[in-house]
Amino acid sequence: MGTVHARSLEPLPVSGSDFGALGDEPELVEVEPEAKQEVLENKDVVVQHVHFDGLGRTKDDIIMYEIGDLFKAKNLIDVMRKSHEAREKLLRLGIFRQVEVLIDTCQGDDALPNGLDVTFEVTELRRLTGSYNTMVGNNEGSMVLGLKLPNLFGRAEKVTFQFSYGTKETSYGLSFFKPQPGNFERNFSVNLYKVTGQFPWSSLRETDRGISTELNFPIWKTNHTLKWEGVWRELGSLARTASFSVREESGHSLKSSLSHAMVIDSRNSSILPRRGALLKINQELAGYSGGDVAFLKEDFELQLNKQLLWDSVFSATLWGGMLVPIGDKPSSIADRFYLGGPTSVRGFSMYSIGPQSEGDYLGGEAYWAGGLHLYTPLPFRPGRGGFGDLFRTHFFLNAGNLCNLNYGDGPKAHLRKLAEFIRWSYGAGIVLRLGNIARLELNYCIPMGVQSSDRICDGVQFGAGIRFL
């Protein structure tokens, strides 16, 4: 998919230092005969011109930001490497269907003996594109239809309309996205949406209509997101048998919140990593920018992965969070934490740990959960080097607790309560990685520390999702 081609470079003078074997970057160049290759390695070159073929509505300034480093290249290998990096940056903008790179000797009256011309042959996306796909969430699936206006004003802006129909949630939304020229990771977006979700573990139906703005930016090795959200929430009972505690919370509320998320992610894969670590910290403050809901909410996620012998991987994960209501009004069932199920504490039914009323789970204001995992290849390695590599054998130990706290008791009392009635489970199973989209688990689970209010799934449990404990 897209290569960097180098034409004949024989007119270049022989000068400059030795920059190593051309084989360091074999994917970027078609290898010439060995004698010529040795000569090309010792060339000092100058990129004189960069040409673009196929530009239409794209503005010149955003292109210049992405290819600026190309003019700093000092030798042939550097030119090829920076050309490849520029190509990746152009594709990342999401405005081109295809980008090809051609490197040639410079021609014309102003051509230097060691001058090079670099040509990018691009194909812009259409003004209106559509998409149809399926998505996998945490134990739910959905069909997604989308319309997109890419490169709306010529600087990688886009407007997207998306409709999603799923097993537990239906939504549609309109969004505008604007990156900073020359720094795609620094971007701004505005979203209008309506989401209707069903939560059978709580006998609850929720409809959200809202607007949000997001600012994403990197700082050193961290990525940050600042977000404001204003949402009109409508809660109702999913069934006539809903408990009084759920029916009591039915009605309308208005939430206006400011939130911040920080992520450090060095994993080689977000679905089934073999190495690396993840740290994610979220803070949300509601009530100070309007609305009738007020709280402070903090949660974090930590994951460490280490590759062992025989292609095995050891993984450790820790989650935790706390919600503190502000004022005299108690927290809402829509804002609390939930725990349990095939994607968190396995061996328990979906979100079926913690406070409940007449069989409806109400969530909690504080929780923690941890997991230890060992992933190994399938016994005897069937399908090695092909389809069989998508499967892994999975051994796990999970634990966690979810409860409500009396915030007047102090931190020691809070820790004691979180350490009471710990639910835990262990077991083994098989994991299937679906590319970088999602993963499926089929586990045999043995739940322990079960309380009378919990709902368990003793034995075989199936899970699908993108985020697992």
# chains A, B, ... in the order shown; residues from 1 in each chain; ligands from 1

$ residues_around --residues "segment 397-406 of chain A" --least-positions-apart "3" --cutoff "6 Å" --atoms "only C-alpha atoms" --output "list of chain:residue names"
A:Val345, A:Gly354, A:Gly364, A:Glu365, A:Ala366, A:Tyr367, A:Trp368, A:Ala369, A:Gly370, A:Gly371, A:Leu372, A:Asp409, A:Ile422, A:Arg423, A:Trp424, A:Ser425, A:Tyr426

$ residues_around --residues "Tyr375 of chain A" --least-positions-apart "3" --cutoff "7 Å" --atoms "only C-alpha atoms" --output "list in words"
Ser312, Val313, Phe314, Arg392, Thr393, His394 and Phe395 of chain A

$ write_last_selection --atoms "N, CA and C atoms" --output "short mmCIF file (atom, residue, chain, number, x, y, z; two decimals), in the first residue's frame"
data_model
loop_
_atom_site.label_atom_id
_atom_site.label_comp_id
_atom_site.auth_asym_id
_atom_site.auth_seq_id
_atom_site.Cartn_x
_atom_site.Cartn_y
_atom_site.Cartn_z
N SER A 312 4.41 -16.52 25.86
CA SER A 312 3.37 -16.26 26.86
C SER A 312 3.43 -14.79 27.30
N VAL A 313 2.30 -14.29 27.78
CA VAL A 313 2.20 -12.89 28.22
C VAL A 313 1.53 -12.86 29.59
N PHE A 314 2.14 -12.13 30.51
CA PHE A 314 1.55 -11.90 31.83
C PHE A 314 1.01 -10.47 31.85
N ARG A 392 -5.70 -17.39 21.87
CA ARG A 392 -4.79 -17.53 23.00
C ARG A 392 -5.53 -18.27 24.12
N THR A 393 -4.77 -19.08 24.85
CA THR A 393 -5.31 -19.68 26.06
C THR A 393 -5.20 -18.65 27.20
N HIS A 394 -6.22 -18.61 28.06
CA HIS A 394 -6.35 -17.53 29.03
C HIS A 394 -6.58 -18.12 30.43
N PHE A 395 -5.70 -17.79 31.38
CA PHE A 395 -5.88 -18.12 32.79
C PHE A 395 -5.99 -16.81 33.57
#

$ residues_around --residues "Tyr407 of chain A" --least-positions-apart "4" --cutoff "9 Å" --atoms "only C-alpha atoms" --output "ChimeraX atom specification"
/A:324,411,414

$ closest_residue --among "A:Val46, A:Leu93, A:Ala334, A:Ala316" --to "Glu157 of chain A" --atoms "only C-alpha atoms"
A:Leu93

$ closest_residue --among "A:Tyr65, A:Phe391, A:Phe300, A:Phe468" --to "Val431 of chain A" --atoms "only C-alpha atoms"
A:Phe391

$ residues_around --residues "segment 270-273 of chain A" --least-positions-apart "2" --cutoff "7 Å" --atoms "only C-alpha atoms" --output "ChimeraX atom specification"
/A:267-268,275,305,433,436,438-439,466

$ residues_around --residues "Val263 of chain A" --least-positions-apart "2" --cutoff "7 Å" --atoms "only C-alpha atoms" --output "PyMOL selection string"
chain A and resi 222-224+261+265+279-281

$ write_last_selection --atoms "N, CA and C atoms" --output "mmCIF file, in the first residue's frame"
data_model
loop_
_atom_site.group_PDB
_atom_site.id
_atom_site.type_symbol
_atom_site.label_atom_id
_atom_site.label_comp_id
_atom_site.auth_asym_id
_atom_site.auth_seq_id
_atom_site.Cartn_x
_atom_site.Cartn_y
_atom_site.Cartn_z
ATOM 1 N N THR A 222 2.216 12.164 27.195
ATOM 2 C CA THR A 222 0.823 12.009 27.614
ATOM 3 C C THR A 222 -0.107 12.657 26.599
ATOM 4 N N ASN A 223 -1.322 12.124 26.524
ATOM 5 C CA ASN A 223 -2.385 12.713 25.706
ATOM 6 C C ASN A 223 -3.509 13.167 26.637
ATOM 7 N N HIS A 224 -3.986 14.379 26.386
ATOM 8 C CA HIS A 224 -4.993 14.974 27.260
ATOM 9 C C HIS A 224 -6.250 15.323 26.463
ATOM 10 N N ALA A 261 -9.213 14.099 30.879
ATOM 11 C CA ALA A 261 -8.675 12.745 30.808
ATOM 12 C C ALA A 261 -7.216 12.816 30.394
ATOM 13 N N ASP A 265 0.031 5.609 27.075
ATOM 14 C CA ASP A 265 -0.186 4.271 26.511
ATOM 15 C C ASP A 265 1.037 3.855 25.699
ATOM 16 N N LEU A 279 -1.820 3.901 31.490
ATOM 17 C CA LEU A 279 -2.326 4.648 32.635
ATOM 18 C C LEU A 279 -3.341 5.653 32.127
ATOM 19 N N LYS A 280 -4.550 5.567 32.651
ATOM 20 C CA LYS A 280 -5.622 6.478 32.243
ATOM 21 C C LYS A 280 -6.287 7.036 33.490
ATOM 22 N N ILE A 281 -6.364 8.358 33.582
ATOM 23 C CA ILE A 281 -6.958 9.031 34.732
ATOM 24 C C ILE A 281 -8.029 9.991 34.231
#

$ residues_around --residues "Asp292 of chain A" --least-positions-apart "5" --cutoff "9 Å" --atoms "only C-alpha atoms" --output "JSON, numbers by chain"
{"A": [253, 254, 255, 256, 286, 287]}

$ residues_around --residues "Arg87 of chain A" --least-positions-apart "3" --cutoff "8 Å" --atoms "only C-alpha atoms" --output "short mmCIF file (atom, residue, chain, number, x, y, z; two decimals) with all heavy atoms, in the first residue's frame"
data_model
loop_
_atom_site.label_atom_id
_atom_site.label_comp_id
_atom_site.auth_asym_id
_atom_site.auth_seq_id
_atom_site.Cartn_x
_atom_site.Cartn_y
_atom_site.Cartn_z
N SER A 83 10.38 10.97 3.33
CA SER A 83 9.29 10.88 2.36
C SER A 83 8.23 9.91 2.85
O SER A 83 7.02 10.17 2.73
CB SER A 83 9.83 10.43 1.00
OG SER A 83 10.71 11.38 0.46
N HIS A 84 8.68 8.80 3.40
CA HIS A 84 7.73 7.83 3.95
C HIS A 84 6.97 8.42 5.14
O HIS A 84 5.75 8.24 5.26
CB HIS A 84 8.49 6.58 4.38
CG HIS A 84 7.61 5.53 5.02
ND1 HIS A 84 6.73 4.76 4.30
CD2 HIS A 84 7.47 5.14 6.31
CE1 HIS A 84 6.09 3.95 5.11
NE2 HIS A 84 6.53 4.16 6.34
N LEU A 90 0.29 12.53 5.69
CA LEU A 90 -0.76 12.94 4.75
C LEU A 90 -1.95 11.99 4.82
O LEU A 90 -3.11 12.43 4.79
CB LEU A 90 -0.19 12.99 3.34
CG LEU A 90 0.84 14.10 3.07
CD1 LEU A 90 1.49 13.90 1.71
CD2 LEU A 90 0.19 15.48 3.14
N LEU A 91 -1.69 10.69 4.91
CA LEU A 91 -2.79 9.73 5.02
C LEU A 91 -3.54 9.90 6.34
O LEU A 91 -4.76 9.71 6.40
CB LEU A 91 -2.25 8.31 4.89
CG LEU A 91 -1.81 7.87 3.49
CD1 LEU A 91 -1.10 6.53 3.55
CD2 LEU A 91 -3.01 7.81 2.55
N VAL A 99 -1.87 7.87 -1.49
CA VAL A 99 -0.70 8.74 -1.60
C VAL A 99 0.48 7.89 -2.06
O VAL A 99 0.83 6.91 -1.40
CB VAL A 99 -0.36 9.43 -0.26
CG1 VAL A 99 0.90 10.27 -0.41
CG2 VAL A 99 -1.52 10.28 0.23
N GLU A 100 1.07 8.25 -3.19
CA GLU A 100 2.27 7.58 -3.70
C GLU A 100 3.41 8.61 -3.76
O GLU A 100 3.17 9.81 -3.96
CB GLU A 100 2.03 6.99 -5.09
CG GLU A 100 0.96 5.92 -5.13
CD GLU A 100 1.39 4.64 -4.47
OE1 GLU A 100 2.62 4.48 -4.25
OE2 GLU A 100 0.52 3.80 -4.16
N VAL A 101 4.64 8.13 -3.58
CA VAL A 101 5.80 9.02 -3.56
C VAL A 101 6.78 8.58 -4.64
O VAL A 101 7.07 7.39 -4.79
CB VAL A 101 6.50 8.98 -2.18
CG1 VAL A 101 7.61 10.02 -2.12
CG2 VAL A 101 5.49 9.21 -1.06
#

$ closest_residue --among "A:Ala464, A:Leu434, A:Val118, A:Leu238" --to "Ile67 of chain A" --atoms "only C-alpha atoms"
A:Val118

$ closest_residue --among "A:Gly429, A:Gly388, A:Gly108, A:Gly340" --to "Ile456 of chain A" --atoms "only C-alpha atoms"
A:Gly340

$ atom_distance --atom1 "atom CA of Gly363 of chain A" --atom2 "atom CA of Tyr338 of chain A"
5.0 Å

$ atom_distance --atom1 "atom CA of Asn183 of chain A" --atom2 "atom CA of Phe71 of chain A"
18.1 Å
